[in-house]
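Okay, model_19.csv now, which holds CSV, C-alpha atoms:
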```csv
chain,number,residue,atom,x,y,z
D,1454,MET,CA,0.0,0.0,0.0
D,1455,THR,CA,2.9,2.3,0.6
D,1456,TYR,CA,3.8,2.1,-3.0
D,1457,PHE,CA,0.4,3.3,-4.1
D,1458,SER,CA,0.4,6.1,-1.5
D,1459,ASP,CA,3.7,7.2,-3.0
D,1460,VAL,CA,2.2,7.1,-6.5
D,1461,ALA,CA,-0.8,9.0,-5.3
D,1462,ALA,CA,1.3,11.7,-3.6
D,1463,LEU,CA,3.5,12.1,-6.8
D,1464,ALA,CA,0.5,12.2,-9.1
D,1465,ARG,CA,-1.2,14.7,-6.9
D,1466,LYS,CA,1.9,16.9,-6.9
D,1467,ASP,CA,1.9,17.0,-10.8
D,1468,LEU,CA,-1.8,17.8,-10.9
D,1469,LEU,CA,-1.3,20.6,-8.4
D,1470,LEU,CA,1.7,22.0,-10.3
D,1471,GLU,CA,-0.5,22.1,-13.5
D,1472,LEU,CA,-3.4,23.6,-11.6
D,1473,ARG,CA,-1.1,26.4,-10.5
D,1474,ALA,CA,1.0,27.0,-13.6
D,1475,LYS,CA,-1.7,26.3,-16.2
D,1476,GLU,CA,0.9,25.8,-18.9
D,1477,THR,CA,0.3,22.3,-20.3
D,1478,LEU,CA,-3.4,21.6,-20.5
D,1479,PRO,CA,-4.5,25.0,-22.1
D,1480,SER,CA,-1.7,24.5,-24.7
D,1481,MET,CA,-2.9,21.0,-25.5
D,1482,ILE,CA,-6.5,22.0,-25.8
D,1483,LEU,CA,-5.7,24.9,-28.1
D,1484,PHE,CA,-3.4,22.7,-30.2
D,1485,VAL,CA,-5.9,19.9,-30.7
D,1486,LEU,CA,-8.7,22.4,-31.6
D,1487,ALA,CA,-6.4,24.2,-34.0
D,1488,ALA,CA,-5.3,21.0,-35.6
D,1489,LEU,CA,-8.9,19.7,-36.1
D,1490,THR,CA,-9.9,23.1,-37.5
D,1491,ILE,CA,-7.1,23.0,-40.0
D,1492,PHE,CA,-8.0,19.4,-41.0
D,1493,HIS,CA,-11.6,20.5,-41.4
D,1494,PHE,CA,-10.7,23.1,-43.9
D,1495,ALA,CA,-8.0,21.1,-45.6
D,1496,LEU,CA,-10.2,18.0,-46.3
D,1497,PRO,CA,-12.6,18.2,-49.2
D,1498,GLY,CA,-16.3,17.9,-48.3
D,1499,GLY,CA,-17.7,14.4,-48.2
D,1500,THR,CA,-14.4,12.9,-47.1
D,1501,ALA,CA,-14.7,9.3,-45.9
D,1502,HIS,CA,-15.2,8.7,-42.2
D,1503,LYS,CA,-12.1,6.5,-42.1
D,1504,ALA,CA,-9.9,9.2,-43.5
D,1505,ALA,CA,-11.2,11.8,-41.1
D,1506,LEU,CA,-10.6,9.3,-38.2
D,1507,GLY,CA,-7.0,9.0,-39.3
D,1508,LEU,CA,-6.5,12.7,-38.9
D,1509,LEU,CA,-8.2,12.6,-35.5
D,1510,TRP,CA,-5.6,10.0,-34.4
D,1511,ALA,CA,-2.8,12.1,-35.8
D,1512,ALA,CA,-4.1,15.2,-33.9
D,1513,LEU,CA,-4.3,13.1,-30.7
D,1514,ILE,CA,-0.8,11.7,-31.0
D,1515,PHE,CA,0.7,15.2,-31.5
D,1516,THR,CA,-1.3,16.7,-28.7
D,1517,ALA,CA,-0.1,14.0,-26.4
D,1518,LEU,CA,3.5,14.7,-27.6
D,1519,LEU,CA,3.0,18.3,-26.6
D,1520,GLY,CA,1.9,17.2,-23.1
D,1521,LEU,CA,4.8,14.7,-22.8
D,1522,THR,CA,7.3,17.4,-23.8
D,1523,ARG,CA,6.1,19.4,-20.7
D,1524,ALA,CA,5.8,16.5,-18.4
D,1525,PHE,CA,9.2,16.8,-16.8
D,1526,VAL,CA,9.7,20.5,-17.0
D,1527,ALA,CA,9.7,21.1,-13.2
D,1528,GLU,CA,12.1,18.2,-12.6
D,1529,ARG,CA,14.4,19.5,-15.3
D,1530,GLU,CA,14.4,23.2,-14.6
D,1531,GLN,CA,14.4,22.9,-10.8
D,1532,GLY,CA,16.7,19.9,-10.5
D,1533,MET,CA,13.9,17.9,-8.9
D,1534,PHE,CA,15.0,14.6,-10.3
D,1535,ASP,CA,17.9,14.6,-7.8
D,1536,ALA,CA,15.4,15.0,-4.9
D,1537,LEU,CA,13.0,12.4,-6.2
D,1538,VAL,CA,15.7,9.9,-7.1
D,1539,LEU,CA,17.3,10.2,-3.6
D,1540,ALA,CA,14.0,9.5,-1.9
D,1541,PRO,CA,13.7,6.0,-0.6
D,1542,CYS,CA,10.6,5.2,-2.5
D,1543,ASP,CA,10.5,2.7,-5.4
D,1544,ARG,CA,11.7,4.7,-8.4
D,1545,SER,CA,9.0,3.2,-10.6
D,1546,ALA,CA,6.5,5.1,-8.4
D,1547,ILE,CA,7.9,8.3,-10.0
D,1548,TRP,CA,7.1,6.9,-13.4
D,1549,LEU,CA,3.6,5.7,-12.5
D,1550,GLY,CA,2.7,9.0,-10.7
D,1551,LYS,CA,3.8,11.0,-13.7
D,1552,SER,CA,2.0,8.7,-16.1
D,1553,ILE,CA,-1.3,9.1,-14.2
D,1554,ALA,CA,-0.9,12.9,-14.3
D,1555,VAL,CA,-0.1,12.9,-18.1
D,1556,PHE,CA,-3.1,10.6,-18.6
D,1557,ALA,CA,-5.3,13.1,-16.8
D,1558,PHE,CA,-4.1,15.9,-19.0
D,1559,ILE,CA,-4.5,13.9,-22.3
D,1560,ALA,CA,-8.0,12.8,-21.2
D,1561,CYS,CA,-9.0,16.4,-20.4
D,1562,ALA,CA,-7.8,17.5,-23.9
D,1563,GLU,CA,-9.8,14.6,-25.5
D,1564,VAL,CA,-12.9,15.6,-23.7
D,1565,VAL,CA,-12.7,18.8,-25.8
D,1566,ALA,CA,-11.2,17.1,-28.9
D,1567,LEU,CA,-13.7,14.3,-29.5
D,1568,PRO,CA,-16.9,16.5,-29.5
D,1569,ALA,CA,-15.0,19.0,-31.7
D,1570,PHE,CA,-14.2,16.1,-34.1
D,1571,ALA,CA,-17.8,15.0,-34.1
D,1572,ALA,CA,-18.9,18.6,-34.9
D,1573,PHE,CA,-16.3,19.1,-37.7
D,1574,PHE,CA,-16.5,15.6,-39.3
D,1575,SER,CA,-18.7,12.8,-38.3
D,1576,GLY,CA,-20.0,11.2,-35.1
D,1577,ILE,CA,-17.9,9.1,-32.8
D,1578,ASP,CA,-18.9,5.7,-31.8
D,1579,GLY,CA,-18.3,3.8,-28.5
D,1580,ARG,CA,-15.6,1.7,-30.1
D,1581,THR,CA,-13.6,4.8,-31.0
D,1582,VAL,CA,-13.9,6.2,-27.5
D,1583,ALA,CA,-12.8,2.9,-26.0
D,1584,ALA,CA,-9.8,2.8,-28.5
D,1585,VAL,CA,-8.8,6.4,-27.5
D,1586,ALA,CA,-9.0,5.4,-23.8
D,1587,LEU,CA,-6.8,2.3,-24.4
D,1588,ALA,CA,-4.4,4.3,-26.6
D,1589,ASP,CA,-4.0,6.9,-23.8
D,1590,VAL,CA,-2.7,4.3,-21.5
D,1591,GLY,CA,0.0,3.2,-24.0
D,1592,ILE,CA,0.9,6.8,-24.8
D,1593,CYS,CA,1.3,7.7,-21.1
D,1594,THR,CA,3.3,4.7,-20.1
D,1595,VAL,CA,5.7,4.8,-23.1
D,1596,GLY,CA,5.8,8.5,-23.4
D,1597,THR,CA,6.6,9.1,-19.7
D,1598,LEU,CA,9.5,6.7,-19.9
D,1599,PHE,CA,10.9,8.5,-23.0
D,1600,GLY,CA,10.2,11.8,-21.4
D,1601,ALA,CA,12.5,10.9,-18.5
D,1602,MET,CA,15.1,9.6,-20.9
D,1603,ALA,CA,15.0,12.9,-22.9
D,1604,VAL,CA,15.5,15.0,-19.8
D,1605,ALA,CA,19.0,13.6,-19.5
D,1606,GLY,CA,19.9,14.4,-23.1
D,1607,ARG,CA,21.2,17.7,-24.5
D,1608,ALA,CA,18.8,17.8,-27.5
D,1609,ARG,CA,15.8,16.9,-25.4
D,1610,GLU,CA,13.2,18.7,-27.6
D,1611,LEU,CA,14.4,16.6,-30.5
D,1612,LEU,CA,15.0,13.3,-28.6
D,1613,LEU,CA,11.4,12.8,-27.3
D,1614,PRO,CA,9.6,13.0,-30.7
D,1615,LEU,CA,12.4,10.8,-32.2
D,1616,LEU,CA,11.9,8.2,-29.5
D,1617,PHE,CA,8.1,8.5,-29.1
D,1618,LEU,CA,6.7,8.8,-32.6
D,1619,PRO,CA,7.9,5.4,-33.9
D,1620,MET,CA,6.5,3.8,-30.8
D,1621,ALA,CA,3.2,5.5,-31.5
D,1622,ILE,CA,2.8,3.9,-34.9
D,1623,PRO,CA,1.2,0.7,-33.5
D,1624,ILE,CA,-1.2,2.9,-31.4
D,1625,VAL,CA,-2.4,4.7,-34.6
D,1626,VAL,CA,-2.7,1.3,-36.4
D,1627,GLY,CA,-4.8,-0.1,-33.6
D,1628,GLY,CA,-6.8,3.1,-33.1
D,1629,VAL,CA,-7.7,3.7,-36.7
D,1630,GLY,CA,-8.6,0.0,-37.2
D,1631,GLY,CA,-10.5,-0.2,-33.9
D,1632,TYR,CA,-8.5,-3.2,-32.8
D,1633,LEU,CA,-9.1,-2.9,-29.0
D,1634,TRP,CA,-7.4,-6.2,-28.2
D,1635,PHE,CA,-4.3,-5.0,-30.0
D,1636,LEU,CA,-4.3,-1.7,-28.0
D,1637,ALA,CA,-4.8,-3.6,-24.7
D,1638,LEU,CA,-1.9,-5.9,-25.5
D,1639,TYR,CA,0.3,-3.0,-26.4
D,1640,ASP,CA,-0.6,-1.3,-23.1
D,1641,ALA,CA,0.1,-4.4,-21.1
D,1642,VAL,CA,3.5,-5.1,-22.7
D,1643,PHE,CA,4.8,-1.6,-22.7
D,1644,ALA,CA,3.5,-0.7,-19.3
D,1645,LEU,CA,5.4,-3.6,-17.9
D,1646,LEU,CA,8.6,-2.8,-19.8
D,1647,ALA,CA,8.4,0.9,-18.9
D,1648,TRP,CA,7.8,0.1,-15.2
D,1649,ALA,CA,10.8,-2.3,-15.1
D,1650,ALA,CA,13.1,0.0,-17.1
D,1651,PHE,CA,12.4,3.3,-15.3
D,1652,GLU,CA,14.8,2.5,-12.5
D,1653,TYR,CA,17.7,2.3,-15.0
D,1654,VAL,CA,16.6,5.4,-16.9
D,1655,VAL,CA,16.7,7.7,-13.8
D,1656,SER,CA,19.8,6.2,-12.3
D,1657,GLU,CA,22.0,8.6,-14.3
D,1658,VAL,CA,19.6,11.5,-15.0
L,641,MET,CA,29.8,6.0,7.5
L,642,ILE,CA,30.9,6.5,4.0
L,643,ALA,CA,34.0,5.3,2.1
L,644,ALA,CA,35.3,5.8,-1.4
L,645,LEU,CA,38.5,4.6,-2.9
L,646,ALA,CA,40.4,6.1,-5.8
L,647,LEU,CA,37.4,7.9,-7.3
L,648,GLY,CA,37.9,9.4,-10.7
L,649,MET,CA,35.6,11.5,-12.9
L,650,ARG,CA,35.8,12.6,-16.4
L,651,PHE,CA,33.3,14.2,-18.8
L,652,GLY,CA,34.5,13.2,-22.3
L,653,ASP,CA,38.1,14.4,-22.6
L,654,LYS,CA,37.9,16.6,-19.6
L,655,ARG,CA,39.2,15.1,-16.3
L,656,VAL,CA,37.4,16.6,-13.3
L,657,PHE,CA,39.4,14.7,-10.6
L,658,ARG,CA,41.2,11.5,-10.1
L,659,ASP,CA,42.4,9.3,-7.2
L,660,VAL,CA,40.1,10.9,-4.6
L,661,SER,CA,39.6,8.8,-1.6
L,662,VAL,CA,37.2,9.4,1.3
L,663,ASP,CA,36.9,7.5,4.6
L,664,LEU,CA,34.6,9.4,6.9
L,665,ALA,CA,33.6,8.0,10.3
L,666,ASP,CA,30.3,8.3,11.9
L,667,GLY,CA,30.0,11.9,13.3
L,668,GLY,CA,32.8,13.2,11.2
L,669,PHE,CA,32.8,16.4,9.2
L,670,LEU,CA,34.5,16.4,5.8
L,671,LEU,CA,35.2,19.9,4.5
L,672,VAL,CA,35.7,20.0,0.7
L,673,THR,CA,37.3,23.2,-0.5
L,674,GLY,CA,38.6,24.5,-3.8
L,675,PRO,CA,37.9,27.1,-6.4
L,676,ASN,CA,34.9,27.2,-8.7
L,677,GLY,CA,35.0,24.4,-11.3
L,678,SER,CA,37.5,22.3,-9.3
L,679,GLY,CA,35.1,19.3,-9.0
L,680,LYS,CA,33.5,19.8,-5.5
L,681,THR,CA,29.9,19.6,-6.8
L,682,THR,CA,30.7,16.6,-8.9
L,683,LEU,CA,32.3,14.8,-6.0
L,684,LEU,CA,29.3,15.5,-3.8
L,685,ARG,CA,27.0,14.1,-6.5
L,686,VAL,CA,29.1,11.0,-6.8
L,687,LEU,CA,29.1,10.5,-3.0
L,688,ALA,CA,25.3,11.0,-2.9
L,689,GLY,CA,24.9,8.4,-5.5
L,690,LEU,CA,23.4,10.8,-8.1
L,691,THR,CA,26.3,10.4,-10.6
L,692,ALA,CA,28.3,7.3,-11.3
L,693,PRO,CA,32.0,7.8,-11.1
L,694,SER,CA,34.3,7.1,-14.1
L,695,GLN,CA,36.4,5.0,-11.8
L,696,GLY,CA,36.3,3.8,-8.2
L,697,GLU,CA,33.4,2.9,-6.0
L,698,VAL,CA,31.4,4.5,-3.2
L,699,GLU,CA,30.2,2.6,-0.1
L,700,GLY,CA,27.7,4.6,1.7
L,701,PRO,CA,24.7,4.3,4.0
L,702,PRO,CA,21.2,3.5,2.6
L,703,ARG,CA,19.3,6.2,0.7
L,704,HIS,CA,16.8,7.0,3.5
L,705,THR,CA,19.6,8.0,5.9
L,706,VAL,CA,21.2,10.5,3.4
L,707,GLY,CA,20.3,14.1,2.9
L,708,TYR,CA,21.6,16.1,-0.1
L,709,LEU,CA,21.3,19.8,-0.8
L,710,GLY,CA,22.8,20.9,-4.1
L,711,HIS,CA,23.2,24.3,-5.6
L,712,ASP,CA,19.4,24.4,-6.1
L,713,PRO,CA,17.2,24.0,-3.0
L,714,LEU,CA,15.5,21.1,-4.7
L,715,VAL,CA,11.9,22.2,-3.9
L,716,TYR,CA,9.0,22.7,-6.3
L,717,ARG,CA,8.6,26.4,-6.9
L,718,GLU,CA,4.9,26.2,-7.7
L,719,LEU,CA,4.1,24.4,-4.5
L,720,THR,CA,4.0,25.9,-1.0
L,721,PRO,CA,6.6,25.0,1.7
L,722,LEU,CA,3.9,22.9,3.5
L,723,GLU,CA,3.1,21.0,0.3
L,724,ASN,CA,6.8,20.5,-0.6
L,725,LEU,CA,7.6,19.2,2.9
L,726,THR,CA,4.5,17.0,3.1
L,727,LEU,CA,5.4,15.4,-0.3
L,728,PHE,CA,8.9,14.6,0.8
L,729,GLY,CA,7.8,13.6,4.3
L,730,ARG,CA,5.5,11.0,2.7
L,731,LEU,CA,8.3,9.7,0.4
L,732,TYR,CA,10.7,9.5,3.3
L,733,ARG,CA,8.1,7.9,5.6
L,734,VAL,CA,8.7,10.6,8.3
L,735,PRO,CA,6.8,9.6,11.4
L,736,GLU,CA,4.7,12.4,13.0
L,737,ARG,CA,5.1,14.3,9.8
L,738,GLY,CA,2.9,17.3,10.7
L,739,GLU,CA,4.8,18.1,13.9
L,740,ARG,CA,8.2,17.6,12.4
L,741,ILE,CA,7.3,19.9,9.4
L,742,GLY,CA,5.9,22.6,11.7
L,743,MET,CA,9.0,22.5,14.0
L,744,LEU,CA,11.3,22.9,11.0
L,745,LEU,CA,9.3,25.7,9.4
L,746,GLU,CA,9.3,27.5,12.8
L,747,ARG,CA,13.0,27.0,13.2
L,748,PHE,CA,13.9,28.4,9.8
L,749,GLY,CA,11.5,31.3,10.0
L,750,LEU,CA,9.1,30.0,7.3
L,751,TRP,CA,6.0,29.2,9.4
L,752,GLU,CA,4.3,32.5,8.5
L,753,VAL,CA,4.8,31.9,4.8
L,754,ARG,CA,4.0,28.1,4.9
L,755,ASN,CA,1.1,28.5,2.5
L,756,ASP,CA,2.8,30.9,0.0
L,757,ARG,CA,4.2,29.6,-3.2
L,758,VAL,CA,8.0,29.1,-3.2
L,759,SER,CA,8.2,31.0,-6.5
L,760,THR,CA,7.4,34.2,-4.6
L,761,PHE,CA,10.3,33.6,-2.2
L,762,SER,CA,13.8,35.2,-2.3
L,763,ARG,CA,16.7,32.9,-3.0
L,764,GLY,CA,17.7,33.0,0.7
L,765,MET,CA,14.2,31.9,1.8
L,766,GLN,CA,14.3,29.1,-0.8
L,767,GLN,CA,17.7,28.0,0.6
L,768,ARG,CA,16.1,27.9,4.1
L,769,LEU,CA,13.3,25.7,2.7
L,770,GLY,CA,16.0,23.5,1.1
L,771,LEU,CA,17.5,23.0,4.5
L,772,CYS,CA,14.2,22.1,6.0
L,773,ARG,CA,13.7,19.5,3.2
L,774,VAL,CA,17.1,18.0,3.7
L,775,LEU,CA,16.7,17.8,7.5
L,776,LEU,CA,13.1,16.6,7.4
L,777,HIS,CA,13.8,12.8,7.6
L,778,GLU,CA,16.6,13.2,10.2
L,779,PRO,CA,19.4,11.9,7.9
L,780,ARG,CA,22.5,10.5,9.5
L,781,LEU,CA,24.7,11.7,6.6
L,782,LEU,CA,24.3,15.1,5.1
L,783,LEU,CA,25.9,16.3,1.9
L,784,LEU,CA,25.7,20.1,1.5
L,785,ASP,CA,27.0,22.0,-1.5
L,786,GLU,CA,27.7,25.7,-0.8
L,787,PRO,CA,25.0,25.7,2.0
L,788,TYR,CA,25.7,29.3,3.0
L,789,ASN,CA,24.8,30.5,-0.5
L,790,ALA,CA,22.1,33.3,-0.5
L,791,LEU,CA,21.6,33.1,3.3
L,792,ASP,CA,21.5,36.3,5.2
L,793,ALA,CA,23.2,36.7,8.6
L,794,ALA,CA,20.3,35.3,10.5
L,795,GLY,CA,20.0,32.3,8.1
L,796,ALA,CA,23.8,31.7,8.3
L,797,GLU,CA,23.5,31.6,12.1
L,798,LEU,CA,20.7,29.1,11.8
L,799,LEU,CA,22.9,26.9,9.7
L,800,ASP,CA,25.7,27.3,12.2
L,801,GLY,CA,23.3,25.8,14.7
L,802,VAL,CA,22.4,22.9,12.4
L,803,PHE,CA,26.1,22.0,12.2
L,804,THR,CA,26.3,21.4,15.9
L,805,GLU,CA,23.8,18.5,15.6
L,806,PRO,CA,25.3,15.0,16.0
L,807,ARG,CA,25.4,13.9,12.3
L,808,THR,CA,28.0,13.1,9.7
L,809,TRP,CA,28.6,16.0,7.4
L,810,ILE,CA,30.2,16.5,4.0
L,811,VAL,CA,30.2,20.2,3.1
L,812,ALA,CA,31.6,21.7,-0.1
L,813,THR,CA,32.4,25.4,0.0
L,814,HIS,CA,34.8,27.9,-1.5
L,815,GLU,CA,34.4,29.9,1.7
L,816,PRO,CA,35.6,27.5,4.3
L,817,ARG,CA,36.2,30.0,7.2
L,818,ARG,CA,32.8,29.6,8.7
L,819,VAL,CA,33.0,25.8,9.2
L,820,ASP,CA,36.7,25.3,9.3
L,821,ARG,CA,36.8,24.7,13.1
L,822,LEU,CA,34.2,21.9,12.7
L,823,ALA,CA,36.2,19.9,10.2
L,824,THR,CA,37.5,16.5,11.2
L,825,ASP,CA,38.6,15.7,7.7
L,826,ARG,CA,39.6,17.9,4.8
L,827,LEU,CA,39.8,17.5,1.0
L,828,VAL,CA,41.3,20.4,-1.0
L,829,PHE,CA,40.8,20.6,-4.7
L,830,ALA,CA,43.3,22.6,-6.7
```

Can the structure from this file be put into structure tokens for me?
Amino acid sequence: MTYFSDVAALARKDLLLELRAKETLPSMILFVLAALTIFHFALPGGTAHKAALGLLWAALIFTALLGLTRAFVAEREQGMFDALVLAPCDRSAIWLGKSIAVFAFIACAEVVALPAFAAFFSGIDGRTVAAVALADVGICTVGTLFGAMAVAGRARELLLPLLFLPMAIPIVVGGVGGYLWFLALYDAVFALLAWAAFEYVVSEV
Amino acid sequence: MIAALALGMRFGDKRVFRDVSVDLADGGFLLVTGPNGSGKTTLLRVLAGLTAPSQGEVEGPPRHTVGYLGHDPLVYRELTPLENLTLFGRLYRVPERGERIGMLLERFGLWEVRNDRVSTFSRGMQQRLGLCRVLLHEPRLLLLDEPYNALDAAGAELLDGVFTEPRTWIVATHEPRRVDRLATDRLVFA
């Protein structure tokens, strides 16, 4: 139970930081709305639902990337990784707490993005909503791990997209195709890998 | 308490230090001095376990008994002192957390501003909060990097009082006069 109370404390801290700074979530919402508006005017009328859905997934992935880029800003700018890594808690709790906070930001952006998509293009069915929710888990688990790795690098703004976008390809494939089992499998495999790998990633941050 | 043999550190082609050994007994006070850029901070990070040395090994106490204060106070600027110390109190499993936090905030003159955001604090107040954070879990070994930085006269006196506590200390400074009399061991970087 101590592990989960550490996770809760760390996630609460990230939510509180965003609530105070209001830097990440407004940017994500503005970005996804702008992207969907551009797609709306870029696509010819009568475009197939499948093609529009593909653009929705592209918009969601890049919105998530924006959130992930900001995920470790406080730790990087204020040297807080040192303080967190020295704490005697399990280091994977840092990853899980951050993943939960990132999930919350992405979900909030999607609460705005999905109705906007429905208004601009066509309606959203339950399967797409389920696929988006499953995809969010994968995005957060993998993206948070790569976000921590990018913090240590010099070209961190470049490194995160280079690491994350190739890993997001299966999410887009599963999302556009509506393969829920595939997304669930992706989540399970990469959540486990990221959980196990985080200790080694932060050892030298 | 902490021992390191023949430590060496290099960043690419640049050698920061080599063949540095430390053997500090329980209750000892290691004073690390030297000019800017001589490797004091890097040595402290290596001894704290934050950076792996290029050569040599460090044998130190477990993480929960170590406190480290770097150049930054290592507190979240958008949180309040109370929120920062509550977070770290949880992570360090500090018993009777509320009382301990209250006592430290009183001691370092931060009780009145306990609900203000750290981003509104002066650098000296942030350093005081950094000291609260590092003392919160009653560490046996403390590693402090330029701890007098930004402290005013009153803050410096508070820190003088902290140094009288029975702990093991490793302090890096380029202004050693204030703590020189406390040192049991010395390491001088050229």

Which polymer residues, protein or nucleic acid, are no farther than 9 Å from (-7.5, 20.7, -33.8), counting only C-alpha atoms, as a ChimeraX atom specification?
-> /D:1482-1493,1509,1512-1513,1516,1566,1569-1570

Excluding Val828 (chain L) and any residue of its chain fewer than 6 positions from it, enumerate the residues within 8 Å of it, using only C-alpha atoms, and give them as a ChimeraX atom specification.
-> /L:672-674

Could you check how far CA of Arg733 (chain L) sits from CA of Val802 (chain L), in Å to one decimal?
-> 21.8 Å

For region 764-772 of chain L, work out the shell of residues within 6 Å, counting only C-alpha atoms and skipping chain neighbours fewer than 3 positions away, then give it as a PyMOL selection string.
-> chain L and resi 713+744+761+775-776+790-791

Output C-alpha atoms of each residue in that selection to a file, as a PDB file, in the frame of the given file.
```
ATOM      1  CA  PRO L 713      17.200  24.000  -3.000  1.00  0.00           C
ATOM      2  CA  LEU L 744      11.300  22.900  11.000  1.00  0.00           C
ATOM      3  CA  PHE L 761      10.300  33.600  -2.200  1.00  0.00           C
ATOM      4  CA  LEU L 775      16.700  17.800   7.500  1.00  0.00           C
ATOM      5  CA  LEU L 776      13.100  16.600   7.400  1.00  0.00           C
ATOM      6  CA  ALA L 790      22.100  33.300  -0.500  1.00  0.00           C
ATOM      7  CA  LEU L 791      21.600  33.100   3.300  1.00  0.00           C
TER       8      LEU L 791
END
```

Specify as a PyMOL selection string all residues of chain L found within 10 Å of chain D, counting only C-alpha atoms.
-> chain L and resi 685+688-692+702-719+723-724+726-733+757+773-774

Writer output for current selection, C-alpha atoms, as a short mmCIF file (atom, residue, chain, number, x, y, z; two decimals), in the coordinates of the input:
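Saved result, part_4.cif, follows:
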```cif
data_model
loop_
_atom_site.label_atom_id
_atom_site.label_comp_id
_atom_site.auth_asym_id
_atom_site.auth_seq_id
_atom_site.Cartn_x
_atom_site.Cartn_y
_atom_site.Cartn_z
CA ARG L 685 27.00 14.10 -6.50
CA ALA L 688 25.30 11.00 -2.90
CA GLY L 689 24.90 8.40 -5.50
CA LEU L 690 23.40 10.80 -8.10
CA THR L 691 26.30 10.40 -10.60
CA ALA L 692 28.30 7.30 -11.30
CA PRO L 702 21.20 3.50 2.60
CA ARG L 703 19.30 6.20 0.70
CA HIS L 704 16.80 7.00 3.50
CA THR L 705 19.60 8.00 5.90
CA VAL L 706 21.20 10.50 3.40
CA GLY L 707 20.30 14.10 2.90
CA TYR L 708 21.60 16.10 -0.10
CA LEU L 709 21.30 19.80 -0.80
CA GLY L 710 22.80 20.90 -4.10
CA HIS L 711 23.20 24.30 -5.60
CA ASP L 712 19.40 24.40 -6.10
CA PRO L 713 17.20 24.00 -3.00
CA LEU L 714 15.50 21.10 -4.70
CA VAL L 715 11.90 22.20 -3.90
CA TYR L 716 9.00 22.70 -6.30
CA ARG L 717 8.60 26.40 -6.90
CA GLU L 718 4.90 26.20 -7.70
CA LEU L 719 4.10 24.40 -4.50
CA GLU L 723 3.10 21.00 0.30
CA ASN L 724 6.80 20.50 -0.60
CA THR L 726 4.50 17.00 3.10
CA LEU L 727 5.40 15.40 -0.30
CA PHE L 728 8.90 14.60 0.80
CA GLY L 729 7.80 13.60 4.30
CA ARG L 730 5.50 11.00 2.70
CA LEU L 731 8.30 9.70 0.40
CA TYR L 732 10.70 9.50 3.30
CA ARG L 733 8.10 7.90 5.60
CA ARG L 757 4.20 29.60 -3.20
CA ARG L 773 13.70 19.50 3.20
CA VAL L 774 17.10 18.00 3.70
#
```

Go through L:Glu736, L:Glu797, L:Asp785, L:Asp666 and flag the residue nearest Leu683 (chain L), using all atoms listed in the file for the distances.
->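 Counting all atoms listed in the file, the residue closest to Leu683 (chain L) is L:Asp785.
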
One decimal, Å: what's the distance from CA of Gly700 (chain L) over to CA of Leu687 (chain L), could you say?
->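 Going from CA of Gly700 (chain L) over to CA of Leu687 (chain L) covers 7.7 Å.
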